[in-house]
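Shown below: data_38.txt, with compact mmCIF, C-alpha atoms and all ligand atoms.
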# COMPACT_ATOMS: atom_id res chain seq x y z
CA MET A 1 14.80 -73.24 -41.73
CA GLN A 2 14.68 -76.00 -39.12
CA VAL A 3 17.61 -75.93 -36.73
CA ALA A 4 16.32 -77.67 -33.61
CA PRO A 5 16.67 -81.41 -33.23
CA SER A 6 13.30 -83.09 -33.42
CA GLU A 7 11.85 -85.26 -30.65
CA LYS A 8 10.28 -87.42 -33.34
CA GLN A 9 11.80 -90.86 -33.99
CA SER A 10 13.55 -90.58 -37.29
CA ILE A 11 13.62 -93.27 -39.94
CA ILE A 12 17.05 -94.76 -40.54
CA TYR A 13 18.34 -96.69 -43.52
CA ILE A 14 20.53 -99.69 -42.73
CA ASP A 15 21.62 -102.14 -45.43
CA GLY A 16 18.59 -101.80 -47.66
CA GLU A 17 15.92 -101.41 -44.97
CA PHE A 18 14.22 -98.41 -43.42
CA MET A 19 13.45 -98.65 -39.71
CA PRO A 20 12.61 -96.39 -36.77
CA GLU A 21 15.55 -94.99 -34.84
CA ARG A 22 14.89 -97.26 -31.83
CA ASP A 23 15.35 -100.37 -34.00
CA ALA A 24 18.35 -99.06 -35.94
CA LYS A 25 21.25 -101.10 -34.62
CA ILE A 26 24.53 -102.47 -35.90
CA SER A 27 26.73 -105.17 -34.43
CA VAL A 28 29.05 -104.30 -31.55
CA PHE A 29 31.62 -106.30 -33.54
CA ASP A 30 31.49 -103.96 -36.52
CA HIS A 31 35.00 -102.59 -37.02
CA VAL A 32 33.61 -99.07 -36.95
CA VAL A 33 32.73 -99.73 -33.28
CA LEU A 34 35.90 -101.67 -32.49
CA TYR A 35 38.42 -99.48 -34.33
CA GLY A 36 36.69 -96.43 -35.83
CA ASP A 37 37.26 -98.22 -39.15
CA GLY A 38 34.80 -96.74 -41.61
CA VAL A 39 34.20 -93.68 -43.77
CA TYR A 40 31.33 -91.24 -43.90
CA ASP A 41 30.01 -88.08 -45.43
CA THR A 42 27.63 -85.36 -44.30
CA CYS A 43 25.41 -83.42 -46.64
CA CYS A 44 22.36 -81.24 -46.17
CA ALA A 45 19.00 -80.67 -47.80
CA TRP A 46 17.40 -77.29 -48.28
CA ASN A 47 13.80 -77.01 -49.47
CA GLY A 48 13.72 -80.74 -50.10
CA LYS A 49 16.85 -80.74 -52.26
CA VAL A 50 20.24 -82.14 -51.26
CA PHE A 51 23.04 -79.68 -52.00
CA LYS A 52 25.90 -81.01 -54.17
CA LEU A 53 24.88 -84.61 -53.48
CA ASP A 54 26.97 -85.93 -56.39
CA GLU A 55 30.08 -84.22 -54.97
CA HIS A 56 29.43 -85.70 -51.51
CA LEU A 57 28.97 -89.17 -53.01
CA ASP A 58 32.14 -88.80 -55.09
CA ARG A 59 34.05 -87.91 -51.91
CA LEU A 60 32.54 -90.85 -50.02
CA PHE A 61 33.41 -93.28 -52.81
CA GLU A 62 36.95 -91.91 -53.01
CA SER A 63 37.36 -92.28 -49.23
CA ALA A 64 35.99 -95.84 -49.42
CA HIS A 65 38.32 -96.72 -52.31
CA ALA A 66 41.33 -95.32 -50.44
CA VAL A 67 40.65 -97.51 -47.39
CA LYS A 68 39.50 -100.51 -49.46
CA ILE A 69 35.90 -100.69 -48.29
CA GLU A 70 33.57 -101.81 -51.07
CA PRO A 71 30.26 -99.86 -50.93
CA PRO A 72 27.33 -102.28 -51.17
CA LEU A 73 25.48 -99.92 -53.56
CA SER A 74 26.46 -98.19 -56.77
CA LYS A 75 26.70 -94.40 -56.69
CA SER A 76 23.32 -93.98 -58.36
CA GLU A 77 21.67 -96.51 -56.02
CA LEU A 78 23.18 -94.71 -53.04
CA LYS A 79 21.95 -91.38 -54.36
CA GLU A 80 18.42 -92.77 -54.53
CA ALA A 81 18.76 -94.23 -50.99
CA VAL A 82 19.83 -90.82 -49.63
CA LEU A 83 16.90 -89.05 -51.31
CA GLU A 84 14.50 -91.77 -50.08
CA THR A 85 15.82 -91.32 -46.51
CA VAL A 86 15.00 -87.60 -46.73
CA ARG A 87 11.52 -88.47 -48.05
CA GLN A 88 10.90 -91.14 -45.40
CA ASN A 89 11.59 -88.49 -42.76
CA GLU A 90 9.35 -85.95 -44.54
CA LEU A 91 12.08 -83.34 -44.25
CA GLN A 92 12.68 -80.21 -46.26
CA ASP A 93 15.78 -78.87 -44.45
CA ALA A 94 17.85 -81.81 -43.31
CA TYR A 95 21.20 -82.87 -41.92
CA VAL A 96 22.08 -86.13 -43.65
CA LYS A 97 24.84 -88.56 -42.73
CA ILE A 98 25.97 -91.54 -44.79
CA ILE A 99 28.19 -94.01 -42.94
CA LEU A 100 29.99 -96.91 -44.55
CA THR A 101 31.50 -99.28 -42.01
CA ARG A 102 34.24 -101.87 -42.48
CA GLY A 103 31.69 -104.33 -41.11
CA VAL A 104 31.87 -107.51 -39.08
CA GLY A 105 34.69 -109.98 -39.60
CA GLU A 106 35.04 -113.60 -38.60
CA LEU A 107 36.71 -112.64 -35.30
CA PRO A 108 36.49 -109.28 -33.48
CA LEU A 109 40.20 -108.71 -34.12
CA LEU A 110 42.02 -106.05 -36.15
CA SER A 111 42.15 -107.97 -39.44
CA PRO A 112 40.11 -106.01 -42.02
CA TYR A 113 39.74 -109.03 -44.33
CA GLY A 114 36.50 -110.91 -44.80
CA CYS A 115 34.38 -108.14 -43.28
CA THR A 116 30.92 -107.35 -44.67
CA PRO A 117 30.43 -103.55 -44.81
CA SER A 118 27.27 -101.89 -43.54
CA LEU A 119 25.70 -98.78 -44.97
CA ILE A 120 23.79 -96.45 -42.69
CA ILE A 121 21.95 -93.27 -43.69
CA PHE A 122 20.12 -90.94 -41.36
CA ALA A 123 18.38 -87.63 -41.91
CA LYS A 124 17.52 -85.24 -39.09
CA PRO A 125 15.98 -81.79 -39.15
CA TYR A 126 18.84 -79.50 -40.11
CA MET A 127 21.24 -79.13 -37.19
CA ARG A 128 24.04 -76.64 -37.01
CA LEU A 129 27.36 -77.42 -35.43
CA VAL A 130 27.30 -73.86 -34.17
CA GLY A 131 24.41 -71.77 -32.83
CA GLU A 132 22.87 -68.66 -34.39
CA ASP A 133 25.13 -66.69 -32.05
CA ALA A 134 28.23 -67.80 -33.93
CA HIS A 135 26.79 -66.40 -37.14
CA GLU A 136 25.97 -63.06 -35.50
CA LYS A 137 28.91 -62.56 -33.17
CA GLY A 138 31.59 -64.83 -34.62
CA ILE A 139 33.61 -67.25 -32.52
CA ARG A 140 36.80 -67.25 -30.45
CA ALA A 141 39.29 -69.93 -31.46
CA LYS A 142 42.35 -71.47 -29.81
CA LEU A 143 45.40 -72.78 -31.63
CA ALA A 144 45.35 -76.33 -30.34
CA SER A 145 48.46 -77.97 -28.94
CA VAL A 146 47.17 -81.30 -30.29
CA ARG A 147 48.41 -81.38 -33.91
CA ARG A 148 46.38 -82.61 -36.87
CA ILE A 149 47.26 -86.17 -37.88
CA PRO A 150 49.75 -85.83 -40.78
CA ASP A 151 48.97 -87.25 -44.22
CA GLN A 152 51.83 -89.72 -43.83
CA CYS A 153 49.78 -91.40 -41.06
CA LEU A 154 46.23 -91.02 -42.38
CA PRO A 155 45.55 -89.05 -45.58
CA SER A 156 43.43 -86.01 -44.65
CA LYS A 157 41.37 -86.38 -47.83
CA ILE A 158 39.82 -89.54 -46.39
CA LYS A 159 36.69 -88.69 -44.42
CA SER A 160 37.40 -91.39 -41.88
CA SER A 161 34.95 -92.35 -39.16
CA ASN A 162 37.78 -91.94 -36.67
CA TYR A 163 37.46 -88.32 -35.52
CA GLN A 164 39.23 -88.68 -32.20
CA ASN A 165 42.00 -86.29 -33.28
CA HIS A 166 39.39 -83.59 -34.00
CA VAL A 167 37.49 -84.42 -30.81
CA LEU A 168 40.65 -83.86 -28.74
CA VAL A 169 41.19 -80.48 -30.40
CA ARG A 170 37.59 -79.43 -29.75
CA MET A 171 37.83 -80.54 -26.11
CA GLU A 172 41.11 -78.73 -25.55
CA ALA A 173 39.65 -75.50 -26.94
CA ASN A 174 36.32 -75.75 -25.12
CA GLU A 175 37.94 -76.60 -21.82
CA ALA A 176 40.26 -73.58 -22.17
CA GLY A 177 37.16 -71.38 -22.60
CA TYR A 178 37.25 -71.02 -26.40
CA ASP A 179 34.44 -71.83 -28.83
CA ASP A 180 36.62 -74.04 -30.99
CA GLY A 181 40.14 -75.09 -31.87
CA ILE A 182 42.37 -74.51 -34.88
CA GLU A 183 44.49 -77.47 -35.94
CA LEU A 184 48.10 -77.01 -36.96
CA SER A 185 50.06 -79.51 -39.02
CA THR A 186 53.08 -81.15 -37.40
CA GLU A 187 55.16 -78.53 -39.31
CA GLY A 188 53.21 -75.77 -37.55
CA HIS A 189 51.14 -74.66 -40.55
CA ILE A 190 47.44 -73.90 -40.28
CA ALA A 191 45.46 -76.97 -41.36
CA GLU A 192 41.78 -76.80 -40.47
CA ALA A 193 39.38 -76.95 -37.54
CA PRO A 194 37.36 -79.85 -36.11
CA GLY A 195 34.70 -80.01 -38.84
CA TYR A 196 35.63 -76.86 -40.77
CA ASN A 197 37.97 -75.47 -43.37
CA ILE A 198 39.60 -72.11 -42.76
CA PHE A 199 39.77 -68.97 -44.89
CA VAL A 200 41.78 -65.81 -44.37
CA ALA A 201 40.70 -62.57 -46.08
CA LYS A 202 43.47 -60.05 -46.59
CA GLY A 203 43.80 -57.09 -48.95
CA GLY A 204 40.85 -58.14 -51.14
CA ALA A 205 41.97 -61.76 -51.64
CA LEU A 206 41.16 -65.05 -49.91
CA TYR A 207 43.76 -67.53 -48.67
CA THR A 208 43.10 -71.09 -47.55
CA PRO A 209 45.41 -73.94 -46.49
CA LYS A 210 46.27 -76.31 -49.32
CA ASP A 211 47.56 -79.31 -47.34
CA ASN A 212 46.63 -81.57 -44.47
CA ILE A 213 42.93 -80.81 -44.82
CA LEU A 214 39.72 -82.54 -45.68
CA VAL A 215 38.82 -81.01 -49.04
CA GLY A 216 35.51 -79.51 -47.96
CA ILE A 217 32.58 -79.25 -50.32
CA THR A 218 31.76 -75.87 -48.73
CA ARG A 219 35.41 -74.81 -49.18
CA GLN A 220 35.05 -75.60 -52.89
CA THR A 221 31.77 -73.66 -52.97
CA VAL A 222 33.48 -70.64 -51.37
CA ILE A 223 36.19 -70.86 -54.06
CA GLU A 224 33.52 -70.97 -56.79
CA ILE A 225 31.65 -68.01 -55.28
CA ALA A 226 34.94 -66.08 -55.08
CA GLU A 227 35.60 -66.79 -58.77
CA ARG A 228 32.15 -65.44 -59.67
CA GLU A 229 32.68 -62.36 -57.48
CA GLY A 230 36.14 -61.68 -58.91
CA VAL A 231 37.88 -62.30 -55.56
CA PRO A 232 41.28 -64.01 -56.01
CA VAL A 233 41.74 -67.22 -53.97
CA HIS A 234 45.14 -68.65 -53.05
CA GLU A 235 45.44 -72.24 -51.83
CA THR A 236 48.65 -71.89 -49.91
CA THR A 237 50.61 -72.37 -46.70
CA LEU A 238 49.39 -70.26 -43.79
CA THR A 239 50.82 -69.69 -40.33
CA ALA A 240 49.35 -68.43 -37.07
CA PHE A 241 50.84 -65.01 -37.92
CA ASP A 242 48.65 -64.88 -41.05
CA LEU A 243 45.56 -65.52 -38.94
CA PHE A 244 46.47 -62.92 -36.31
CA ASN A 245 47.00 -60.27 -39.01
CA ALA A 246 44.13 -61.13 -41.33
CA ASP A 247 41.42 -58.63 -42.20
CA GLU A 248 38.99 -61.47 -41.52
CA VAL A 249 39.07 -65.18 -40.76
CA PHE A 250 36.14 -67.47 -41.39
CA PHE A 251 35.27 -71.16 -41.17
CA SER A 252 33.27 -73.15 -43.74
CA SER A 253 31.35 -76.42 -43.49
CA THR A 254 28.18 -78.17 -44.52
CA ALA A 255 26.93 -78.36 -40.95
CA GLY A 256 27.94 -74.84 -39.96
CA GLY A 257 27.77 -72.74 -43.09
CA ILE A 258 30.16 -69.80 -43.15
CA PHE A 259 30.92 -67.80 -40.04
CA ALA A 260 33.56 -65.45 -38.71
CA VAL A 261 36.36 -66.14 -36.27
CA VAL A 262 36.83 -62.87 -34.38
CA GLU A 263 39.61 -63.88 -32.01
CA VAL A 264 42.51 -66.35 -32.24
CA ASP A 265 44.56 -67.10 -29.12
CA GLY A 266 43.72 -63.77 -27.50
CA ARG A 267 44.40 -61.70 -30.66
CA LYS A 268 41.54 -59.74 -32.17
CA ILE A 269 41.09 -60.47 -35.88
CA GLY A 270 40.55 -57.22 -37.79
CA SER A 271 38.01 -55.15 -35.87
CA GLY A 272 37.23 -58.06 -33.55
CA THR A 273 33.69 -58.34 -34.91
CA PRO A 274 32.34 -60.36 -37.89
CA GLY A 275 33.39 -58.65 -41.09
CA LEU A 276 31.63 -57.88 -44.34
CA ILE A 277 33.48 -60.49 -46.39
CA ALA A 278 32.33 -63.44 -44.25
CA ALA A 279 28.81 -61.99 -44.28
CA ARG A 280 28.83 -61.61 -48.07
CA PHE A 281 30.08 -65.16 -48.66
CA ARG A 282 27.53 -66.55 -46.19
CA GLU A 283 24.74 -64.73 -48.01
CA ARG A 284 25.88 -65.98 -51.43
CA TYR A 285 26.23 -69.51 -50.03
CA TYR A 286 22.68 -69.51 -48.63
CA ASP A 287 21.38 -68.03 -51.90
CA LEU A 288 22.92 -71.00 -53.67
CA LEU A 289 21.38 -73.48 -51.22
CA GLU A 290 17.99 -71.79 -51.52
CA SER A 291 18.18 -71.72 -55.31
CA GLY A 292 18.50 -75.50 -55.56
CA GLU A 293 20.62 -74.95 -58.69
CA GLN A 294 23.29 -77.43 -57.62
CA SER A 295 21.04 -79.75 -55.63
CA ALA A 296 19.30 -83.09 -56.12
CA ALA A 297 15.54 -83.03 -55.52
CA ALA A 298 14.11 -85.55 -53.06
CA TYR A 299 10.50 -84.73 -53.98
C1 LIG A 301 37.84 -82.22 -40.65
C2 LIG A 301 36.86 -81.50 -41.51
N1 LIG A 301 37.30 -80.47 -42.26
C3 LIG A 301 36.45 -79.79 -43.04
C4 LIG A 301 35.11 -80.07 -43.11
C5 LIG A 301 34.19 -79.29 -43.99
O1 LIG A 301 33.78 -80.06 -45.08
P1 LIG A 301 32.41 -79.81 -45.83
O2 LIG A 301 32.45 -78.39 -46.30
O3 LIG A 301 32.41 -80.79 -46.95
O4 LIG A 301 31.32 -80.02 -44.84
C6 LIG A 301 34.61 -81.16 -42.36
C7 LIG A 301 33.20 -81.51 -42.43
O5 LIG A 301 32.74 -82.47 -41.93
C8 LIG A 301 35.50 -81.87 -41.54
O6 LIG A 301 35.08 -82.88 -40.79

For this file, write the structure as structure tokens.
Amino acid sequence: MQVAPSEKQSIIYIDGEFMPERDAKISVFDHVVLYGDGVYDTCCAWNGKVFKLDEHLDRLFESAHAVKIEPPLSKSELKEAVLETVRQNELQDAYVKIILTRGVGELPLLSPYGCTPSLIIFAKPYMRLVGEDAHEKGIRAKLASVRRIPDQCLPSKIKSSNYQNHVLVRMEANEAGYDDGIELSTEGHIAEAPGYNIFVAKGGALYTPKDNILVGITRQTVIEIAEREGVPVHETTLTAFDLFNADEVFFSSTAGGIFAVVEVDGRKIGSGTPGLIAARFRERYYDLLESGEQSAAAY
């Protein structure tokens, strides 16, 4: 598996054309630059096949519909463009991002009307949000004081290009000496983490927050694996207390896989080392990626 970023110039898709990274540019007046006004999705390829690509495209189209950005391609055309981007970069294991911007309007002002959206796709050798270390040793997480933006302000199901809320959480945690942050809702319930969904394992069952989250494709995959393995899953309301007293806590995401959280705000979780449940789910998840059963072939 490739995990290191490549020095090679990648080939980027912008609005129907493939070009080298150095030539891949969008307007400074695009509303994604001016206001973070766009949507995106991240998927990954394993052995030349993009995992759950249809699900990622469904989520992107739903995000776009919710914020009234009209994708310039149909879903099947976009699917082909994603697979072609993987091929153009001659990648087997890839990190793929699809970005749909609001586009450029008549004036560089807030009005979203009359903008022409841009579609950008890039594929890089597979990159992990977390290092190998996190998979072996688990991570230490901080309950962030910055709260997750509530759904009343920006629905969490939209994978918006504006990630500043998550960036602030990550910075707060890192600068306090933790590997990452955990986001609470404004009511004080566990929501998610910057780029991850959260699972608690307790007494043979899994628990995961039901609200104020991006509905992760990996989260859904964990739920499906649990169903196959006969592990009950509860989508519910969780508090910090539930994390502190879990048998195990783990994060899930496309760009990070599944890995254990061994400490939350100075409390050891379970034994304080990565547990067997996170390890089992990670193994099953990678088996699924390797199998290509739920993936779209680029080659
Ligand atoms: C805020 C947030 N939550 C959860 C996730 C995990 O989603 P997925 O499993 O689809 O990668 C992501 C991934 O980008 C994310 O940005």

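Candidate residues A:Arg148, A:Arg87, A:His189, A:Lys25 were compared for distance to A:Gly48, and the nearest is A:Arg87, using all atoms listed in the file.
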
Write out as JSON lines the residues of chain A that have any atom within 7 Å of an atom of ligand LIG 301 (chain A), one row each with the nearest atom pair and its distance in Å to one decimal, counting all atoms listed in the file, sorted by chain and then rising number.
{"residue": "A:Thr42", "atom": "CA", "partner": "A:LIG301", "partner_atom": "O5", "distance": 6.3}
{"residue": "A:His166", "atom": "CA", "partner": "A:LIG301", "partner_atom": "C1", "distance": 7.0}
{"residue": "A:Glu192", "atom": "CA", "partner": "A:LIG301", "partner_atom": "N1", "distance": 6.1}
{"residue": "A:Ala193", "atom": "CA", "partner": "A:LIG301", "partner_atom": "N1", "distance": 6.2}
{"residue": "A:Pro194", "atom": "CA", "partner": "A:LIG301", "partner_atom": "C1", "distance": 5.1}
{"residue": "A:Gly195", "atom": "CA", "partner": "A:LIG301", "partner_atom": "C8", "distance": 3.4}
{"residue": "A:Tyr196", "atom": "CA", "partner": "A:LIG301", "partner_atom": "C3", "distance": 3.8}
{"residue": "A:Asn197", "atom": "CA", "partner": "A:LIG301", "partner_atom": "C3", "distance": 4.6}
{"residue": "A:Ile213", "atom": "CA", "partner": "A:LIG301", "partner_atom": "N1", "distance": 6.2}
{"residue": "A:Leu214", "atom": "CA", "partner": "A:LIG301", "partner_atom": "N1", "distance": 4.7}
{"residue": "A:Val215", "atom": "CA", "partner": "A:LIG301", "partner_atom": "O1", "distance": 6.5}
{"residue": "A:Gly216", "atom": "CA", "partner": "A:LIG301", "partner_atom": "O1", "distance": 3.4}
{"residue": "A:Ile217", "atom": "CA", "partner": "A:LIG301", "partner_atom": "O3", "distance": 3.7}
{"residue": "A:Thr218", "atom": "CA", "partner": "A:LIG301", "partner_atom": "O2", "distance": 3.6}
{"residue": "A:Arg219", "atom": "CA", "partner": "A:LIG301", "partner_atom": "O2", "distance": 5.5}
{"residue": "A:Ser252", "atom": "CA", "partner": "A:LIG301", "partner_atom": "O2", "distance": 5.9}
{"residue": "A:Ser253", "atom": "CA", "partner": "A:LIG301", "partner_atom": "O2", "distance": 3.6}
{"residue": "A:Thr254", "atom": "CA", "partner": "A:LIG301", "partner_atom": "O4", "distance": 3.7}
{"residue": "A:Ala255", "atom": "CA", "partner": "A:LIG301", "partner_atom": "O4", "distance": 6.1}

Handout entry: Contacts of A:Gln164 at 12 Å (all atoms listed in the file; same-chain gap of 2+ positions) as a list of chain:residue names
Key = A:Tyr35, A:Gly36, A:Asp37, A:Val146, A:Arg147, A:Arg148, A:Ile149, A:Ser160, A:Ser161, A:Asn162, A:His166, A:Val167, A:Leu168, A:Val169, A:Arg170, A:Met171, A:Pro194, A:Gly195

Need the axis-aligned box for stretch 272-290 of chain A with 3 Å each side, so what are the centre and edges in Å to one decimal, as AutoDock Vina command-line options?
--center_x 27.6 --center_y -65.7 --center_z -43.6 --size_x 25.2 --size_y 21.6 --size_z 26.1

Fill in the blank from the handout: Here atom CA of A:Pro72 and atom CA of A:Leu60 stand apart by 12.6 Å

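Here the question is which of A:Ile99, A:Ile139, A:Ala205, A:Leu73 gets nearest to A:Glu229 using only C-alpha atoms, and that residue is A:Ala205.
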
Practice task
Would you work out the distance separating atom CA of A:Glu175 from atom CA of A:Pro155, expressed in Å to one decimal?
Solution key: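 These two atoms are separated by 27.9 Å.
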
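Taking all atoms listed in the file into account, A:Arg102 lies nearest to A:Phe29 out of the set A:Trp46, A:Phe29, A:Phe51, A:Tyr126.
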
Scan for residues within 12 Å of the point (23.9, -97.6, -41.6) in the coordinates of the file, using all atoms listed in the file, and reply as a PDB file with C-alpha atoms, in the coordinates of the input.
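Final file, selection.pdb:
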ATOM      1  CA  ILE A  11      13.620 -93.270 -39.940  1.00  0.00           C
ATOM      2  CA  ILE A  12      17.050 -94.760 -40.540  1.00  0.00           C
ATOM      3  CA  TYR A  13      18.340 -96.690 -43.520  1.00  0.00           C
ATOM      4  CA  ILE A  14      20.530 -99.690 -42.730  1.00  0.00           C
ATOM      5  CA  ASP A  15      21.620-102.140 -45.430  1.00  0.00           C
ATOM      6  CA  GLY A  16      18.590-101.800 -47.660  1.00  0.00           C
ATOM      7  CA  GLU A  17      15.920-101.410 -44.970  1.00  0.00           C
ATOM      8  CA  PHE A  18      14.220 -98.410 -43.420  1.00  0.00           C
ATOM      9  CA  MET A  19      13.450 -98.650 -39.710  1.00  0.00           C
ATOM     10  CA  GLU A  21      15.550 -94.990 -34.840  1.00  0.00           C
ATOM     11  CA  ASP A  23      15.350-100.370 -34.000  1.00  0.00           C
ATOM     12  CA  ALA A  24      18.350 -99.060 -35.940  1.00  0.00           C
ATOM     13  CA  LYS A  25      21.250-101.100 -34.620  1.00  0.00           C
ATOM     14  CA  ILE A  26      24.530-102.470 -35.900  1.00  0.00           C
ATOM     15  CA  SER A  27      26.730-105.170 -34.430  1.00  0.00           C
ATOM     16  CA  ASP A  30      31.490-103.960 -36.520  1.00  0.00           C
ATOM     17  CA  VAL A  32      33.610 -99.070 -36.950  1.00  0.00           C
ATOM     18  CA  GLY A  38      34.800 -96.740 -41.610  1.00  0.00           C
ATOM     19  CA  VAL A  39      34.200 -93.680 -43.770  1.00  0.00           C
ATOM     20  CA  TYR A  40      31.330 -91.240 -43.900  1.00  0.00           C
ATOM     21  CA  ASP A  41      30.010 -88.080 -45.430  1.00  0.00           C
ATOM     22  CA  PRO A  71      30.260 -99.860 -50.930  1.00  0.00           C
ATOM     23  CA  PRO A  72      27.330-102.280 -51.170  1.00  0.00           C
ATOM     24  CA  LEU A  78      23.180 -94.710 -53.040  1.00  0.00           C
ATOM     25  CA  ALA A  81      18.760 -94.230 -50.990  1.00  0.00           C
ATOM     26  CA  VAL A  82      19.830 -90.820 -49.630  1.00  0.00           C
ATOM     27  CA  THR A  85      15.820 -91.320 -46.510  1.00  0.00           C
ATOM     28  CA  VAL A  96      22.080 -86.130 -43.650  1.00  0.00           C
ATOM     29  CA  LYS A  97      24.840 -88.560 -42.730  1.00  0.00           C
ATOM     30  CA  ILE A  98      25.970 -91.540 -44.790  1.00  0.00           C
ATOM     31  CA  ILE A  99      28.190 -94.010 -42.940  1.00  0.00           C
ATOM     32  CA  LEU A 100      29.990 -96.910 -44.550  1.00  0.00           C
ATOM     33  CA  THR A 101      31.500 -99.280 -42.010  1.00  0.00           C
ATOM     34  CA  ARG A 102      34.240-101.870 -42.480  1.00  0.00           C
ATOM     35  CA  GLY A 103      31.690-104.330 -41.110  1.00  0.00           C
ATOM     36  CA  PRO A 117      30.430-103.550 -44.810  1.00  0.00           C
ATOM     37  CA  SER A 118      27.270-101.890 -43.540  1.00  0.00           C
ATOM     38  CA  LEU A 119      25.700 -98.780 -44.970  1.00  0.00           C
ATOM     39  CA  ILE A 120      23.790 -96.450 -42.690  1.00  0.00           C
ATOM     40  CA  ILE A 121      21.950 -93.270 -43.690  1.00  0.00           C
ATOM     41  CA  PHE A 122      20.120 -90.940 -41.360  1.00  0.00           C
ATOM     42  CA  ALA A 123      18.380 -87.630 -41.910  1.00  0.00           C
TER      43      ALA A 123
END

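The closest residue to A:Gly272, picked from A:Pro125, A:Gly114, A:Gly138, A:Gly230 and counting all atoms listed in the file, is A:Gly138.
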